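entry02.txt (compact mmCIF, C-alpha atoms and all ligand atoms) appears below.
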# COMPACT_ATOMS: atom_id res chain seq x y z
CA MET J 1 51.97 73.98 -47.15
CA ARG J 2 52.77 75.36 -43.69
CA PHE J 3 52.51 79.10 -43.00
CA ARG J 4 55.80 80.48 -41.67
CA GLU J 5 55.39 83.95 -40.27
CA GLU J 6 59.16 84.49 -39.93
CA VAL J 7 59.71 83.95 -43.68
CA HIS J 8 57.13 86.64 -44.47
CA LYS J 9 58.65 88.94 -41.86
CA LYS J 10 62.14 88.52 -43.31
CA ALA J 11 60.75 89.68 -46.67
CA GLY J 12 59.19 92.74 -44.98
CA ILE J 13 55.63 91.39 -45.06
CA VAL J 14 53.64 91.61 -41.85
CA SER J 15 51.18 88.73 -41.92
CA ARG J 16 49.21 86.47 -39.63
CA PHE J 17 47.58 83.06 -39.91
CA LEU J 18 43.84 82.95 -39.13
CA ASP J 19 42.48 79.53 -38.26
CA ALA J 20 39.01 78.31 -39.22
CA SER J 21 37.23 79.74 -36.16
CA GLU J 22 38.92 83.14 -36.44
CA ILE J 23 38.25 83.52 -40.18
CA ARG J 24 34.60 82.62 -39.54
CA GLU J 25 34.29 85.06 -36.64
CA THR J 26 36.09 88.03 -38.22
CA HIS J 27 35.11 87.64 -41.89
CA GLY J 28 32.14 85.25 -41.89
CA ILE J 29 34.04 82.90 -44.23
CA ASP J 30 33.87 79.13 -43.84
CA ARG J 31 37.36 77.89 -44.73
CA THR J 32 40.10 75.93 -42.94
CA GLY J 33 42.40 78.96 -42.67
CA ALA J 34 43.68 82.17 -44.26
CA ILE J 35 46.69 84.47 -44.26
CA ASP J 36 45.94 88.08 -43.33
CA SER J 37 48.73 90.12 -44.89
CA SER J 38 49.29 93.84 -44.47
CA ILE J 39 51.02 94.34 -47.80
CA SER J 40 48.95 94.65 -50.94
CA ALA J 41 47.72 97.54 -53.03
CA SER J 42 45.16 98.39 -55.66
CA ALA J 43 45.25 101.22 -58.17
CA ASN J 44 43.19 102.83 -60.90
CA PRO J 45 45.14 101.45 -63.90
CA ALA J 46 44.26 104.33 -66.26
CA GLN J 47 45.28 106.95 -63.71
CA LEU J 48 48.44 105.03 -62.79
CA THR J 49 49.49 104.67 -66.44
CA ALA J 50 48.78 108.35 -67.19
CA GLY J 51 50.85 109.34 -64.14
CA ILE J 52 53.81 107.20 -65.21
CA LEU J 53 53.66 108.48 -68.81
CA ASN J 54 53.52 112.11 -67.62
CA HIS J 55 56.49 111.48 -65.37
CA VAL J 56 58.65 109.94 -68.11
CA CYS J 57 57.68 112.75 -70.55
CA ASP J 58 59.05 115.25 -68.04
CA LYS J 59 62.32 113.30 -68.26
CA GLY J 60 62.48 113.68 -72.05
CA VAL J 61 60.88 110.42 -73.22
CA GLU J 62 59.00 110.63 -76.53
CA ILE J 63 55.76 108.60 -76.65
CA VAL J 64 54.63 107.38 -80.07
CA GLY J 65 51.13 105.86 -80.28
CA ARG J 66 49.26 103.93 -82.98
CA THR J 67 52.45 102.49 -84.44
CA GLU J 68 53.11 98.79 -84.38
CA VAL J 69 56.59 97.29 -84.28
CA LYS J 70 56.53 94.65 -87.02
CA ASP J 71 60.05 93.20 -86.96
CA PHE J 72 63.62 93.84 -85.90
CA ARG J 73 67.21 92.96 -86.79
CA SER J 74 70.04 93.30 -84.31
CA SER J 75 73.81 93.55 -84.69
CA ALA J 76 76.46 93.94 -82.00
CA ASP J 77 75.87 97.66 -81.48
CA GLU J 78 72.49 98.56 -82.94
CA VAL J 79 68.94 97.34 -83.51
CA VAL J 80 66.88 98.21 -86.59
CA ILE J 81 63.12 98.19 -86.04
CA SER J 82 60.48 98.19 -88.79
CA THR J 83 57.08 99.74 -88.06
CA SER J 84 53.56 99.43 -89.45
CA ASP J 85 54.02 102.93 -90.98
CA GLY J 86 56.82 101.52 -93.13
CA ASP J 87 59.53 103.39 -91.19
CA LEU J 88 62.85 101.94 -90.08
CA LEU J 89 64.12 103.11 -86.69
CA THR J 90 67.53 102.46 -85.19
CA ALA J 91 68.34 102.20 -81.51
CA ARG J 92 71.15 101.02 -79.25
CA HIS J 93 68.72 98.84 -77.29
CA LEU J 94 65.19 97.53 -77.85
CA VAL J 95 62.90 96.41 -75.01
CA PHE J 96 59.69 94.49 -75.77
CA CYS J 97 57.30 95.13 -72.88
CA THR J 98 54.24 94.23 -74.91
CA GLY J 99 52.23 92.40 -72.27
CA TYR J 100 50.69 89.21 -73.59
CA GLU J 101 51.18 90.12 -77.25
CA PHE J 102 54.44 89.40 -78.98
CA LEU J 103 55.92 89.15 -82.45
CA ASN J 104 55.92 85.68 -84.06
CA SER J 105 59.71 85.74 -83.89
CA LEU J 106 59.48 86.09 -80.08
CA GLU J 107 57.12 83.17 -79.63
CA HIS J 108 58.47 81.01 -76.83
CA LYS J 109 57.68 77.35 -76.10
CA ASN J 110 57.39 78.05 -72.37
CA GLN J 111 54.79 80.79 -72.66
CA SER J 112 51.21 79.65 -73.17
CA MET J 113 48.04 81.70 -73.39
CA ILE J 114 45.07 81.02 -71.13
CA SER J 115 41.66 82.68 -70.69
CA THR J 116 40.37 84.53 -67.61
CA TRP J 117 37.15 86.32 -66.59
CA ALA J 118 36.05 89.08 -64.19
CA ILE J 119 32.82 90.90 -63.30
CA ALA J 120 31.88 94.10 -61.46
CA SER J 121 28.59 94.64 -59.62
CA LYS J 122 26.53 97.81 -59.62
CA PRO J 123 27.87 100.61 -57.37
CA ARG J 124 27.06 100.76 -53.66
CA LEU J 125 26.44 97.02 -53.38
CA ASN J 126 25.44 95.66 -49.99
CA ARG J 127 28.66 94.08 -48.62
CA PRO J 128 30.41 93.32 -45.31
CA GLY J 129 32.31 96.30 -43.87
CA TRP J 130 35.70 94.50 -43.70
CA LEU J 131 35.83 93.96 -47.47
CA ASP J 132 36.63 97.61 -48.29
CA SER J 133 40.05 97.28 -46.66
CA TYR J 134 40.98 93.88 -48.13
CA LEU J 135 42.01 92.35 -51.46
CA VAL J 136 40.97 88.70 -51.23
CA TRP J 137 42.59 85.81 -53.07
CA GLU J 138 41.45 82.22 -52.65
CA GLY J 139 44.33 79.95 -53.67
CA SER J 140 42.14 77.16 -55.03
CA ASP J 141 42.10 75.73 -58.54
CA PRO J 142 40.54 77.56 -60.26
CA TYR J 143 41.31 80.49 -57.94
CA LEU J 144 38.90 83.26 -56.99
CA TYR J 145 39.74 86.88 -56.20
CA PHE J 146 37.57 89.80 -55.14
CA ARG J 147 37.74 93.35 -53.88
CA THR J 148 35.68 96.56 -53.88
CA SER J 149 36.00 99.76 -55.91
CA PRO J 150 35.82 103.29 -54.42
CA ASP J 151 32.17 103.62 -55.57
CA GLY J 152 31.21 100.41 -53.76
CA ARG J 153 31.19 97.89 -56.60
CA VAL J 154 32.38 94.38 -55.84
CA ILE J 155 34.85 93.10 -58.47
CA VAL J 156 35.28 89.31 -58.73
CA GLY J 157 37.59 87.37 -61.03
CA GLY J 158 39.09 83.99 -61.79
CA GLU J 159 37.68 80.84 -63.41
CA ASP J 160 40.74 80.58 -65.70
CA GLU J 161 40.78 77.97 -68.46
CA GLU J 162 43.88 76.69 -70.19
CA THR J 163 42.65 77.59 -73.64
CA GLU J 164 43.89 80.44 -75.76
CA ASN J 165 40.70 81.74 -77.41
CA THR J 166 37.85 80.82 -75.05
CA PHE J 167 37.89 84.37 -73.66
CA GLN J 168 36.42 85.54 -77.00
CA ASN J 169 33.31 83.36 -76.61
CA ASN J 170 30.31 85.50 -75.49
CA LEU J 171 28.24 82.55 -74.33
CA LYS J 172 31.12 81.37 -72.17
CA ALA J 173 31.48 84.87 -70.69
CA HIS J 174 27.84 84.70 -69.61
CA THR J 175 28.34 81.29 -67.92
CA LYS J 176 31.57 82.41 -66.27
CA ALA J 177 29.94 85.60 -64.94
CA ARG J 178 27.18 83.54 -63.34
CA ARG J 179 29.71 81.09 -61.86
CA LEU J 180 31.85 83.91 -60.37
CA ALA J 181 28.76 85.50 -58.79
CA GLU J 182 27.69 82.11 -57.35
CA LYS J 183 31.14 81.38 -55.93
CA LEU J 184 31.32 84.79 -54.26
CA GLY J 185 27.81 84.30 -52.86
CA ASP J 186 28.66 80.84 -51.47
CA LEU J 187 31.84 82.12 -49.80
CA THR J 188 30.70 85.50 -48.43
CA GLY J 189 26.92 85.73 -48.78
CA ILE J 190 27.33 88.78 -51.07
CA LYS J 191 24.60 88.93 -53.74
CA ILE J 192 26.04 90.46 -56.91
CA GLY J 193 22.79 90.45 -58.92
CA ASN J 194 23.19 91.34 -62.59
CA PRO J 195 26.75 92.61 -63.00
CA ASP J 196 27.29 96.03 -64.59
CA PHE J 197 30.46 94.79 -66.33
CA VAL J 198 31.73 91.41 -67.55
CA TRP J 199 35.29 91.14 -68.86
CA SER J 200 37.30 88.35 -70.39
CA ALA J 201 40.94 88.43 -71.36
CA ALA J 202 44.00 86.36 -72.17
CA PHE J 203 46.90 85.75 -69.80
CA GLY J 204 50.39 84.66 -70.86
CA THR J 205 51.75 82.14 -68.36
CA THR J 206 54.73 79.82 -67.90
CA PRO J 207 54.87 76.32 -66.34
CA ASN J 208 56.51 77.56 -63.10
CA GLY J 209 54.40 80.75 -62.83
CA LEU J 210 57.44 83.02 -63.14
CA PRO J 211 57.92 85.39 -66.09
CA MET J 212 60.88 85.43 -68.47
CA ILE J 213 62.86 88.67 -68.24
CA GLY J 214 66.09 89.79 -69.90
CA ALA J 215 68.08 89.73 -73.14
CA LEU J 216 66.62 87.48 -75.83
CA PRO J 217 68.81 84.46 -76.57
CA GLY J 218 71.12 85.36 -79.46
CA HIS J 219 70.55 89.13 -79.13
CA SER J 220 72.69 91.03 -76.63
CA ASN J 221 70.81 94.33 -77.07
CA VAL J 222 67.18 93.17 -77.46
CA TYR J 223 65.26 92.56 -74.24
CA ALA J 224 61.80 91.24 -73.49
CA THR J 225 59.49 90.52 -70.59
CA MET J 226 56.80 87.89 -71.02
CA GLY J 227 54.70 85.33 -69.15
CA PHE J 228 53.51 87.64 -66.35
CA GLY J 229 50.39 85.58 -65.64
CA GLY J 230 48.10 87.32 -63.16
CA ASN J 231 50.92 89.19 -61.41
CA GLY J 232 52.09 91.64 -64.07
CA ILE J 233 51.98 94.69 -61.84
CA THR J 234 54.59 93.17 -59.53
CA PHE J 235 56.64 91.38 -62.18
CA SER J 236 56.75 94.36 -64.56
CA GLN J 237 58.31 96.46 -61.81
CA ILE J 238 60.94 93.74 -61.27
CA ALA J 239 61.46 93.56 -65.06
CA ALA J 240 62.06 97.33 -65.17
CA SER J 241 64.85 97.05 -62.56
CA ILE J 242 66.48 94.02 -64.18
CA ILE J 243 66.47 95.36 -67.75
CA ALA J 244 67.49 98.91 -66.76
CA GLY J 245 70.40 97.34 -64.83
CA GLU J 246 71.47 95.18 -67.78
CA ILE J 247 71.47 98.18 -70.13
CA ALA J 248 73.45 100.24 -67.63
CA GLY J 249 76.00 97.39 -67.44
CA HIS J 250 75.33 95.96 -63.97
CA ARG J 251 73.58 92.64 -63.56
CA ASP J 252 70.69 92.57 -61.11
CA PRO J 253 71.08 89.71 -58.58
CA ASP J 254 67.45 88.68 -59.25
CA ALA J 255 68.04 88.28 -63.03
CA GLU J 256 68.88 84.58 -62.62
CA LEU J 257 65.37 83.90 -61.33
CA PHE J 258 63.65 84.74 -64.63
CA PRO J 259 65.66 83.16 -67.47
CA PHE J 260 64.51 82.58 -71.06
CA GLN J 261 64.76 78.79 -71.18
C1 LIG M 1 41.60 90.19 -65.92
C2 LIG M 1 43.02 90.51 -65.50
C3 LIG M 1 43.29 90.71 -64.15
C4 LIG M 1 44.58 91.01 -63.74
N1 LIG M 1 44.81 91.21 -62.41
C5 LIG M 1 46.06 91.49 -61.98
C6 LIG M 1 46.33 91.71 -60.60
O1 LIG M 1 45.42 91.66 -59.75
N2 LIG M 1 47.61 91.97 -60.21
C7 LIG M 1 48.63 92.02 -61.11
O2 LIG M 1 49.78 92.26 -60.72
N3 LIG M 1 48.41 91.84 -62.44
C8 LIG M 1 47.16 91.57 -62.89
N4 LIG M 1 46.93 91.35 -64.23
C9 LIG M 1 48.08 91.33 -65.14
C10 LIG M 1 48.49 92.74 -65.51
O3 LIG M 1 47.33 93.51 -65.81
C11 LIG M 1 49.38 92.72 -66.75
O4 LIG M 1 50.40 91.76 -66.60
C12 LIG M 1 50.03 94.10 -66.93
O5 LIG M 1 49.02 95.03 -67.23
C13 LIG M 1 51.06 94.05 -68.02
O6 LIG M 1 51.53 95.38 -68.23
P1 LIG M 1 52.49 95.68 -69.40
O7 LIG M 1 52.73 97.16 -69.41
O8 LIG M 1 53.67 94.78 -69.36
O9 LIG M 1 51.68 95.26 -70.72
P2 LIG M 1 50.33 95.85 -71.32
O10 LIG M 1 49.60 96.66 -70.31
O11 LIG M 1 49.63 94.66 -71.95
O12 LIG M 1 50.85 96.84 -72.44
C14 LIG M 1 51.53 96.34 -73.59
C15 LIG M 1 51.31 97.35 -74.70
O13 LIG M 1 52.15 96.98 -75.80
C16 LIG M 1 51.40 97.18 -77.00
N5 LIG M 1 51.97 96.32 -78.04
C17 LIG M 1 51.90 94.95 -78.15
N6 LIG M 1 52.57 94.54 -79.24
C18 LIG M 1 53.07 95.65 -79.84
C19 LIG M 1 53.86 95.87 -81.02
N7 LIG M 1 54.28 94.86 -81.80
N8 LIG M 1 54.17 97.15 -81.34
C20 LIG M 1 53.78 98.18 -80.57
N9 LIG M 1 53.05 98.05 -79.43
C21 LIG M 1 52.70 96.80 -79.08
C22 LIG M 1 49.97 96.79 -76.62
O14 LIG M 1 49.07 97.36 -77.54
C23 LIG M 1 49.87 97.39 -75.21
O15 LIG M 1 49.45 98.72 -75.24
C24 LIG M 1 45.64 91.09 -64.69
C25 LIG M 1 45.37 90.90 -66.05
C26 LIG M 1 44.08 90.60 -66.46
C27 LIG M 1 43.82 90.38 -67.95

Could you write out this file's structure as structure tokens?
Amino acid sequence: MRFREEVHKKAGIVSRFLDASEIRETHGIDRTGAIDSSISASANPAQLTAGILNHVCDKGVEIVGRTEVKDFRSSADEVVISTSDGDLLTARHLVFCTGYEFLNSLEHKNQSMISTWAIASKPRLNRPGWLDSYLVWEGSDPYLYFRTSPDGRVIVGGEDEETENTFQNNLKAHTKARRLAEKLGDLTGIKIGNPDFVWSAAFGTTPNGLPMIGALPGHSNVYATMGFGGNGITFSQIAASIIAGEIAGHRDPDAELFPFQ
């Protein structure tokens, strides 16, 4: 695939192609090329979520925890929701933004579950200076990503497998952690040592890598977002605009891109 700077620019992304000699000279990485893009962000997910929840509470939203939605029935102008507490709730609209978990009735043939792994080193790890201002993604198969944390840990992830439950296997987690550390070492020379943290998790993905967002087929007032893959932070923001628009009665021009098929 050819890098086209003007296409990035048109989308508001300032980026530059680095050829093999430049990427070796500036980052010490031995690869045929890379895109250096100015637009990416990282956040503390707990802090970000707390901030968003505080904000919506100020706007009158009620947050109810430790209650599972078990089922729903919809008619033209209302939805009835049953909960794990045995309560029935009614609403004008229902939005399932339940990440990679979903009710059996929402199971979709185009969403499949895969397993992924990540590790974090001890704090203040010896690392090249440039890394603290970059989020790195290697678009190989399986891909590799890495970045640093404010206390100087190096976080590395990837090694996805197209199996639903492998992420629950402890032995596999050990092998994957070692593999991620080796791959980072080969690419950058960074020595992770024994990681402080090893994570594994499931991802919900679709064949074309795009999520499904909008009203569920056959239900005009029940919405869902699913199949975010590894880009849920971006796609969930898009889902929020599309679904809020649908409920307010104006169709978002991007809605067509993410159909339930
Ligand atoms: C290892 C890993 C790395 C990732 N890296 C990135 C990244 O670099 N960039 C990026 O953009 N994305 C990344 N993602 C994806 C991103 O984290 C998720 O897509 C995102 O957090 C989804 O947010 P959400 O609010 O939609 O769902 P979630 O954060 O999963 O929240 C859904 C909530 O719904 C609740 N729930 C589920 N079912 C029910 C029910 N029936 N009743 C009541 N509550 C229910 C769950 O308990 C959960 O609290 C990564 C994911 C993983 C696992």

Quick one: residues within 10 Å of J:Asp252, only C-alpha atoms counted, chain neighbours fewer than 3 positions away excluded, as number ranges by chain?
-> J: 238, 241-246, 249, 255-256

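Going from atom CA of J:Arg66 to atom C20 of ligand LIG 1 (chain M) covers 7.7 Å.
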
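For J:Ser121, the list of residues within 12 Å, based on all atoms listed in the file and with local chain neighbours fewer than 4 positions off taken out, reads J:Leu125, J:Asn126, J:Arg127, J:Phe146, J:Arg147, J:Thr148, J:Ser149, J:Asp151, J:Gly152, J:Arg153, J:Val154, J:Ile155, J:Val156, J:Gly157, J:Ala177, J:Arg178, J:Leu180, J:Ala181, J:Leu184, J:Ile190, J:Lys191, J:Ile192, J:Gly193, J:Asn194, J:Pro195, J:Asp196, J:Phe197, J:Val198, J:Trp199.
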
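Using only C-alpha atoms and all ligand atoms, the smallest distance between any of J:Leu135, J:Ile81, J:Ile233, J:Ile35 and ligand LIG 1 (chain M) comes from J:Ile233.
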
Contacts of ligand LIG 1 (chain M), 8 Å or closer, only C-alpha atoms and all ligand atoms, given as a ChimeraX atom specification = /J:42,66-71,83,96-103,116-118,157-158,199-203,225-226,228-236

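The shortest atom-to-atom distance to J:Gly209, with only C-alpha atoms taken into account, belongs to J:Leu257 out of J:Ile247, J:Leu257, J:Ala240, J:Ala34.
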
Polymer residues at most 6 Å from J:Gln111, all atoms listed in the file, same-chain spacing of 5 or more positions, as a PDB file with C-alpha atoms, in the coordinates of the input:
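As written to disk, around-v5.pdb reads:
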ATOM      1  CA  THR J 205      51.750  82.140 -68.360  1.00  0.00           C
ATOM      2  CA  THR J 206      54.730  79.820 -67.900  1.00  0.00           C
ATOM      3  CA  GLY J 227      54.700  85.330 -69.150  1.00  0.00           C
TER       4      GLY J 227
END

Rank J:Ser40, J:Ser220, J:Ser82, J:Thr32 by their smallest atom-to-atom distance to J:Leu18, using only C-alpha atoms, and report the top residue only.
-> J:Thr32

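Residue nearest J:Gly33 within the list J:Lys9, J:Lys59, J:Arg124, J:Arg2: J:Arg2 [criterion: smallest interatomic distance, only C-alpha atoms].
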
Neighbours of point (38.9, 81.7, -56.1) within 10 Å, using all atoms listed in the file, written as a count of residues only | 20

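Here atom CA of J:Ile39 and atom CA of J:Gly12 stand 8.8 Å from one another.
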
Would you please work out which residue, of J:Ser133, J:Asp254, J:Pro150, J:Ser75, is nearest to J:Ala41 when using all atoms listed in the file?
-> J:Ser133

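Counting only C-alpha atoms and comparing J:Pro253, J:Gly214, J:Pro207, J:Gly189, the residue that lies closest to J:Val95 is J:Gly214.
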
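The spacing separating atom CA of J:Gly129 from atom CA of J:Thr49 amounts to 29.6 Å.
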
Could you put an axis-aligned box around every listed atom of stretch 100-114 of chain J, padded by 4 Å on each side, and send me its centre and edge lengths in Å to one decimal, as lines of an AutoDock Vina configuration file?
center_x = 52.4
center_y = 83.7
center_z = -77.6
size_x = 22.6
size_y = 20.8
size_z = 20.9
